[in-house]
Each structure stands twice: as structure tokens, then as C-alpha cells.
Amino acid sequence: QRGLLFGSLFGLGLAVLLGTFLATNIAYPIDRLVRAAGRIQRGYLDRPVRLDREDELGRLADAMERMRRGVLERDEQLRLMLAQVAHEIRNPLGGLELFAAAAIDTEERGERARLIGRVRGEVQALNRIINDFLAFARPTTVEMSAVDLRVPVWDAVELATNRQGEDVAIDVRLPDHSLMALANDERAKRAVLNLLQNALAVSDRVTVWGDREGGQVMLAVSDDGPGVPDDQRKRIFDPFVTDKEKGAGLGLAIVKRDMEAMDGRVEVRSASESGVGTGAEFRVYFPVLDEPPTP
Ligand SMILES: Nc1ncnc2c1ncn2[C@@H]1O[C@H](COP(=O)(O)OP(=O)(O)OP(=O)(O)O)[C@@H](O)[C@H]1O
Ligand SMILES: [Mg+2]
């Protein structure tokens, strides 16, 4: 009888102990993690996920904490971007309103035509902001094919020359042999065009050149402008970094993103290092094809 009683008491005690152990060591921390996940899901991102444990649950908590920080960071970037876009759009909208009102008020035909021209300019500025922004926000997968990179360079030079008017001369120094690489020709053209536009904004003399370099094709845009100081060289590739009144600061961010999407890269250095110019030199590198393309 006694033995049985002791036995059951012992068993009961064991069960209580085990239950307490499981509750404090497994159920309770899991509950905390579930609540933390719920907070993240609802967008309350300011409370850190913490469990001071060294075991698997601790590792899970650490992973969740990294996830929370990542989501928070992207959230902030997005907010910043939205604020920036709203700000960028406000300028041309203000201009539109002003010029349209003045065009309504004026009796004189010539003046009206001029004002409507300004209205059109502001509409084009709006369009450009939206296009740039979409280009930046769009997903990064690109279709790649065998491209002779001299072609997008020539296209970009033509576009840059037309946009800037006739008094710009871009010195094009490309080899007679083809520069075959694995690339997306539209993105490659846009990259070179962005670099040309930046260079033309600071310099009268701009050179675009390039060649095969190791296992890559290198294209460079060199200018005689002020160059880019060392401490700015990383920053200028971030979105919305600009010193221009009418620039969104997206040009180089788009170039960087596009080059990375094509398994290439972009870098900035001093043009004097290569002796082509005295200002900045921006280089883009593309991977070459392993095999020659079949005709
Ligand atoms: N060739 C260059 N020489 C000197 N500084 C440059 C050159 N290219 C870019 N920069 C600097 O880097 C900044 C960022 O360039 P980015 O092309 O990203 O934006 P942006 O030209 O200012 O505006 P956007 O290209 O959106 O019209 C420029 O505002 C300028 O300060
Ligand atoms: Mg630019």
C-alpha cells in the first residue's frame, strides 16, 4: 500500500517537474517568439527579438532579430524614397501651375507660345523623374545575350549628343574589332548614357573608350571636370545623392544596379590614372562570352 502511494506521489512529482521544465524551457520561449513574429507581421518593428539562450531556440531568436532589422531597414529606405519622389515631383508641378496660369493671362501670342513651351518642359521633367524612378524600382532580372558593346556605346553617344545640343563633342575611341560580351543591350546603353550625361554636365571634353581586359570588356567615360573626391566615391552610387538642382540622383544608382544585374560592375577613379582626361573616369565591366556566339 505504502509503496504504491509513494510510487504514485513520485510519479506525480516527476510529471509536475517535467511539465514545468517543458513549459519554461520550450513552450514559454516559443510563445514569446510567436508573439514577436506577430508584431513583425503587423508592422511594429521597433521591439528587438531577444531570448538569452545558447540553444536552437536562441539561434531562431537571433535569426528573427536579423529579419526584423532587415525589414526595418527596407521599410526606412522605402519611406525615404517615397518622400524623395514626392519632393521631386513637387518642383515641376509648381512650374506647371505657374506657367499655365501665366499663359491663360497673357494676350500676346508669342508670349503664350513661350509659356506653353515651358509647360511642356515641366511635363518632360515629370516624365523623366517617373521613368528614372521606375527604372530604379523595377525588378532586376534582365535578359542577356551576346552583344557587341560598341553598338550600345554608339547609340548612347548619339542620344547624349542630341539631348545636349550641337556644341558637345564626345570623343569616341573604340577598337576596330568587336567587343562581344554577355549583356543586355538596352541596359548597357542606359549605363553609358547616364555616365555620358554626368560627364557632359561637368566637362566640355568627354571621351568614351574601352577594350577587352582580361576576361571582361571594359568601357570607360573620362572627363576633364573636377573629378570625384575619395570620400565621395562610395556615396555617389547611392540613390538620391546629387549636387544638381534638377537631378534626382538616381543615374549612378541605376548604373550600379544594372551592372550588377548583368554580373558586371561599375567603378570610379581619376581620369589622370589612365591619361584620358583630367577629371573623373567611370568604368563599367562586362563578363565576356565563354564561347563565340553561333551566327
Ligand atoms: N563625371 C563626374 N564628375 C564629377 N562628379 C560626378 C560625375 N558623375 C557623377 N558625379 C557626382 O555624383 C552625383 C550623383 O550622380 P547621379 O548620376 O547618380 O545623379 P545626378 O546626375 O545628380 O542626377 P540624375 O542622374 O538622376 O539626373 C552627381 O550629382 C555628382 O555630384
Ligand atoms: Mg546623372
# chains A, B, ... in the order shown; residues from 1 in each chain; ligands from 1
$ residues_around --residues "range 199-210 of chain A" --least-positions-apart "6" --cutoff "8 Å" --atoms "only C-alpha atoms" --output "count of residues only"
21
$ select_by_dssp --residues "range 7-252 of chain A" --states "strand (DSSP E or B)" --output "tab-separated table (two decimals) with all heavy atoms, in the first residue's frame"
chain	number	residue	atom	x	y	z
A	145	SER	N	22.21	38.54	-73.71
A	145	SER	CA	22.57	37.84	-74.94
A	145	SER	C	23.95	38.33	-75.38
A	145	SER	O	24.53	39.20	-74.74
A	145	SER	CB	21.53	38.12	-76.03
A	145	SER	OG	21.46	39.51	-76.25
A	146	ALA	N	24.42	37.76	-76.48
A	146	ALA	CA	25.72	38.18	-76.99
A	146	ALA	C	25.57	39.56	-77.62
A	146	ALA	O	24.77	39.75	-78.53
A	146	ALA	CB	26.22	37.18	-78.02
A	147	VAL	N	26.32	40.53	-77.12
A	147	VAL	CA	26.20	41.90	-77.61
A	147	VAL	C	27.59	42.43	-77.95
A	147	VAL	O	28.52	42.27	-77.16
A	147	VAL	CB	25.57	42.81	-76.52
A	147	VAL	CG1	25.53	44.26	-76.99
A	147	VAL	CG2	24.18	42.33	-76.13
A	148	ASP	N	27.71	43.03	-79.14
A	148	ASP	CA	28.92	43.79	-79.43
A	148	ASP	C	28.74	45.15	-78.77
A	148	ASP	O	27.95	45.98	-79.22
A	148	ASP	CB	29.10	43.96	-80.94
A	148	ASP	CG	30.36	44.75	-81.28
A	148	ASP	OD1	31.03	45.24	-80.35
A	148	ASP	OD2	30.67	44.88	-82.49
A	169	ALA	N	31.05	67.70	-78.06
A	169	ALA	CA	31.75	66.70	-78.86
A	169	ALA	C	32.17	65.59	-77.92
A	169	ALA	O	32.80	65.82	-76.91
A	169	ALA	CB	32.96	67.34	-79.52
A	170	ILE	N	31.77	64.39	-78.25
A	170	ILE	CA	32.20	63.24	-77.47
A	170	ILE	C	33.23	62.50	-78.30
A	170	ILE	O	32.97	62.12	-79.44
A	170	ILE	CB	31.02	62.33	-77.11
A	170	ILE	CG1	29.98	63.12	-76.30
A	170	ILE	CG2	31.49	61.12	-76.34
A	170	ILE	CD1	28.66	62.39	-76.13
A	171	ASP	N	34.38	62.34	-77.72
A	171	ASP	CA	35.46	61.65	-78.41
A	171	ASP	C	35.27	60.14	-78.21
A	171	ASP	O	35.32	59.66	-77.08
A	171	ASP	CB	36.78	62.13	-77.79
A	171	ASP	CG	37.97	61.68	-78.59
A	171	ASP	OD1	37.76	61.04	-79.65
A	171	ASP	OD2	39.12	61.96	-78.16
A	172	VAL	N	35.00	59.44	-79.31
A	172	VAL	CA	34.76	58.00	-79.20
A	172	VAL	C	36.00	57.24	-79.66
A	172	VAL	O	36.43	57.39	-80.79
A	172	VAL	CB	33.55	57.56	-80.05
A	172	VAL	CG1	33.24	56.09	-79.84
A	172	VAL	CG2	32.32	58.41	-79.72
A	173	ARG	N	36.58	56.48	-78.77
A	173	ARG	CA	37.77	55.71	-79.13
A	173	ARG	C	37.52	54.24	-78.85
A	173	ARG	O	37.79	53.73	-77.76
A	173	ARG	CB	38.98	56.16	-78.30
A	173	ARG	CG	39.37	57.59	-78.57
A	173	ARG	CD	40.66	57.89	-77.83
A	173	ARG	NE	40.78	59.31	-77.55
A	173	ARG	CZ	41.61	59.83	-76.68
A	173	ARG	NH1	42.38	59.05	-75.95
A	173	ARG	NH2	41.66	61.13	-76.49
A	180	MET	N	32.55	41.69	-77.96
A	180	MET	CA	31.44	40.80	-77.61
A	180	MET	C	31.43	40.52	-76.11
A	180	MET	O	32.45	40.22	-75.50
A	180	MET	CB	31.55	39.46	-78.35
A	180	MET	CG	31.45	39.58	-79.86
A	180	MET	SD	29.98	40.45	-80.43
A	180	MET	CE	28.72	39.31	-79.93
A	181	ALA	N	30.25	40.66	-75.52
A	181	ALA	CA	30.08	40.34	-74.10
A	181	ALA	C	28.68	39.82	-73.88
A	181	ALA	O	27.81	39.95	-74.75
A	181	ALA	CB	30.34	41.56	-73.23
A	182	LEU	N	28.49	39.25	-72.71
A	182	LEU	CA	27.15	38.80	-72.32
A	182	LEU	C	26.50	39.99	-71.62
A	182	LEU	O	26.94	40.42	-70.56
A	182	LEU	CB	27.28	37.62	-71.37
A	182	LEU	CG	26.04	36.77	-71.16
A	182	LEU	CD1	25.56	36.21	-72.47
A	182	LEU	CD2	26.34	35.66	-70.17
A	183	ALA	N	25.45	40.53	-72.25
A	183	ALA	CA	24.88	41.77	-71.70
A	183	ALA	C	23.45	41.94	-72.18
A	183	ALA	O	22.95	41.17	-73.00
A	183	ALA	CB	25.72	42.97	-72.11
A	205	ARG	N	35.01	68.37	-72.52
A	205	ARG	CA	35.70	67.33	-73.27
A	205	ARG	C	35.45	65.99	-72.60
A	205	ARG	O	35.83	65.78	-71.45
A	205	ARG	CB	37.20	67.60	-73.31
A	205	ARG	CG	37.90	66.99	-74.51
A	205	ARG	CD	39.31	67.50	-74.61
A	205	ARG	NE	40.11	67.06	-73.46
A	205	ARG	CZ	40.97	66.06	-73.49
A	205	ARG	NH1	41.17	65.39	-74.61
A	205	ARG	NH2	41.65	65.72	-72.42
A	206	VAL	N	34.76	65.13	-73.34
A	206	VAL	CA	34.42	63.82	-72.78
A	206	VAL	C	34.88	62.73	-73.74
A	206	VAL	O	34.68	62.83	-74.95
A	206	VAL	CB	32.89	63.72	-72.57
A	206	VAL	CG1	32.49	62.31	-72.17
A	206	VAL	CG2	32.43	64.72	-71.51
A	207	THR	N	35.50	61.73	-73.21
A	207	THR	CA	35.97	60.61	-74.03
A	207	THR	C	35.30	59.33	-73.58
A	207	THR	O	35.24	59.05	-72.38
A	207	THR	CB	37.50	60.44	-73.91
A	207	THR	OG1	38.12	61.70	-74.11
A	207	THR	CG2	38.02	59.45	-74.93
A	208	VAL	N	34.78	58.58	-74.55
A	208	VAL	CA	34.29	57.24	-74.20
A	208	VAL	C	35.17	56.25	-74.95
A	208	VAL	O	35.43	56.39	-76.14
A	208	VAL	CB	32.78	57.06	-74.50
A	208	VAL	CG1	32.42	57.47	-75.90
A	208	VAL	CG2	32.35	55.62	-74.25
A	209	TRP	N	35.68	55.29	-74.23
A	209	TRP	CA	36.62	54.34	-74.82
A	209	TRP	C	36.48	52.99	-74.13
A	209	TRP	O	35.71	52.86	-73.17
A	209	TRP	CB	38.06	54.86	-74.71
A	209	TRP	CG	38.50	55.22	-73.33
A	209	TRP	CD1	38.11	56.32	-72.61
A	209	TRP	CD2	39.38	54.49	-72.48
A	209	TRP	NE1	38.70	56.31	-71.37
A	209	TRP	CE2	39.50	55.21	-71.26
A	209	TRP	CE3	40.11	53.30	-72.64
A	209	TRP	CZ2	40.29	54.78	-70.21
A	209	TRP	CZ3	40.91	52.88	-71.59
A	209	TRP	CH2	41.00	53.61	-70.39
A	210	GLY	N	37.19	52.00	-74.61
A	210	GLY	CA	37.10	50.69	-73.97
A	210	GLY	C	37.81	49.62	-74.77
A	210	GLY	O	38.25	49.86	-75.90
A	211	ASP	N	37.88	48.46	-74.16
A	211	ASP	CA	38.52	47.32	-74.84
A	211	ASP	C	38.31	46.06	-74.02
A	211	ASP	O	37.75	46.12	-72.93
A	211	ASP	CB	40.02	47.57	-75.03
A	211	ASP	CG	40.54	46.87	-76.29
A	211	ASP	OD1	39.89	45.89	-76.74
A	211	ASP	OD2	41.58	47.30	-76.81
A	212	ARG	N	38.80	44.96	-74.56
A	212	ARG	CA	38.82	43.74	-73.75
A	212	ARG	C	39.87	43.92	-72.67
A	212	ARG	O	40.91	44.53	-72.88
A	212	ARG	CB	39.23	42.55	-74.62
A	212	ARG	CG	38.20	42.23	-75.67
A	212	ARG	CD	38.54	40.92	-76.34
A	212	ARG	NE	37.77	40.81	-77.57
A	212	ARG	CZ	38.31	40.62	-78.77
A	212	ARG	NH1	39.61	40.50	-78.92
A	212	ARG	NH2	37.55	40.54	-79.84
A	213	GLU	N	39.54	43.38	-71.49
A	213	GLU	CA	40.52	43.48	-70.41
A	213	GLU	C	40.42	42.21	-69.59
A	213	GLU	O	39.48	42.03	-68.83
A	213	GLU	CB	40.23	44.72	-69.56
A	213	GLU	CG	41.45	45.24	-68.84
A	213	GLU	CD	41.12	46.40	-67.92
A	213	GLU	OE1	41.07	47.53	-68.42
A	213	GLU	OE2	40.92	46.17	-66.73
A	216	GLN	N	37.11	40.23	-69.36
A	216	GLN	CA	35.98	41.15	-69.35
A	216	GLN	C	36.09	42.16	-70.50
A	216	GLN	O	37.13	42.28	-71.13
A	216	GLN	CB	35.96	41.92	-68.03
A	216	GLN	CG	36.00	41.03	-66.81
A	216	GLN	CD	36.12	41.83	-65.54
A	216	GLN	OE1	35.14	42.21	-64.94
A	216	GLN	NE2	37.33	42.11	-65.13
A	217	VAL	N	34.98	42.84	-70.74
A	217	VAL	CA	35.03	44.01	-71.61
A	217	VAL	C	34.86	45.23	-70.73
A	217	VAL	O	33.96	45.29	-69.90
A	217	VAL	CB	33.93	43.98	-72.68
A	217	VAL	CG1	33.87	45.32	-73.41
A	217	VAL	CG2	34.17	42.85	-73.67
A	218	MET	N	35.77	46.19	-70.88
A	218	MET	CA	35.73	47.40	-70.08
A	218	MET	C	35.34	48.58	-70.97
A	218	MET	O	35.87	48.75	-72.05
A	218	MET	CB	37.10	47.63	-69.45
A	218	MET	CG	37.17	48.78	-68.47
A	218	MET	SD	37.45	50.37	-69.26
A	218	MET	CE	39.16	50.20	-69.76
A	219	LEU	N	34.36	49.36	-70.50
A	219	LEU	CA	34.02	50.61	-71.16
A	219	LEU	C	34.26	51.73	-70.17
A	219	LEU	O	33.94	51.58	-68.98
A	219	LEU	CB	32.55	50.62	-71.60
A	219	LEU	CG	32.09	49.55	-72.58
A	219	LEU	CD1	30.57	49.66	-72.79
A	219	LEU	CD2	32.82	49.68	-73.91
A	220	ALA	N	34.81	52.86	-70.66
A	220	ALA	CA	35.11	53.96	-69.74
A	220	ALA	C	34.62	55.28	-70.30
A	220	ALA	O	34.62	55.49	-71.52
A	220	ALA	CB	36.62	54.02	-69.49
A	221	VAL	N	34.18	56.15	-69.42
A	221	VAL	CA	33.83	57.52	-69.78
A	221	VAL	C	34.73	58.44	-68.94
A	221	VAL	O	34.66	58.42	-67.72
A	221	VAL	CB	32.34	57.83	-69.50
A	221	VAL	CG1	32.05	59.30	-69.75
A	221	VAL	CG2	31.45	56.94	-70.36
A	222	SER	N	35.58	59.18	-69.62
A	222	SER	CA	36.54	60.04	-68.92
A	222	SER	C	36.24	61.50	-69.24
A	222	SER	O	35.85	61.82	-70.37
A	222	SER	CB	37.97	59.72	-69.35
A	222	SER	OG	38.18	58.33	-69.42
A	223	ASP	N	36.44	62.37	-68.25
A	223	ASP	CA	36.15	63.78	-68.50
A	223	ASP	C	37.24	64.69	-67.92
A	223	ASP	O	38.16	64.22	-67.27
A	223	ASP	CB	34.76	64.15	-67.95
A	223	ASP	CG	34.68	64.01	-66.43
A	223	ASP	OD1	35.51	64.63	-65.72
A	223	ASP	OD2	33.79	63.29	-65.96
$ residues_near_ligand --ligand "ligand 1" --cutoff "10 Å" --atoms "only C-alpha atoms and all ligand atoms" --output "PyMOL selection string"
chain A and resi 128-129+132-133+191+193-203+206+221-229+232-256+268-271+279-282
$ closest_residue --among "A:Gly121, A:Gly94, A:Val192, A:Ser272" --to "ligand 2" --atoms "only C-alpha atoms and all ligand atoms"
A:Val192
$ closest_residue --among "A:Leu93, A:Leu45, A:Leu179, A:Leu5" --to "Arg66 in chain A" --atoms "only C-alpha atoms"
A:Leu45
$ select_by_dssp --residues "range 76-283 of chain A" --states "helix (DSSP H, G or I)" --output "PyMOL selection string"
chain A and resi 76-105+109-137+150-164+185-202+230-232+235-237+251-261+271-273
$ residues_around --residues "Met81 in chain A" --least-positions-apart "3" --cutoff "10 Å" --atoms "only C-alpha atoms" --output "number ranges by chain"
A: 75-78, 84-87, 133, 137, 239-240
$ closest_residue --among "A:Gly70, A:Arg283, A:Leu98, A:Arg190" --to "ligand 2" --atoms "only C-alpha atoms and all ligand atoms"
A:Arg190
$ atom_distance --atom1 "CA of Asn184 in chain A" --atom2 "CA of Gly214 in chain A"
20.3 Å
$ closest_residue --among "A:Ala113, A:Met64, A:Ala160, A:Leu72" --to "ligand 2" --atoms "only C-alpha atoms and all ligand atoms"
A:Ala160
$ atom_distance --atom1 "CA of Val153 in chain A" --atom2 "CA of Asp185 in chain A"
9.4 Å
$ residues_around --residues "Ile30 in chain A" --least-positions-apart "4" --cutoff "10 Å" --atoms "only C-alpha atoms" --output "VMD selection string"
chain A and resid 23 to 26 34 to 36 51 57 60 to 61
$ atom_distance --atom1 "CA of Arg50 in chain A" --atom2 "CA of Leu22 in chain A"
19.3 Å
$ closest_residue --among "A:Val119, A:Arg187, A:Leu4, A:Val151" --to "Ala135 in chain A" --atoms "only C-alpha atoms"
A:Arg187
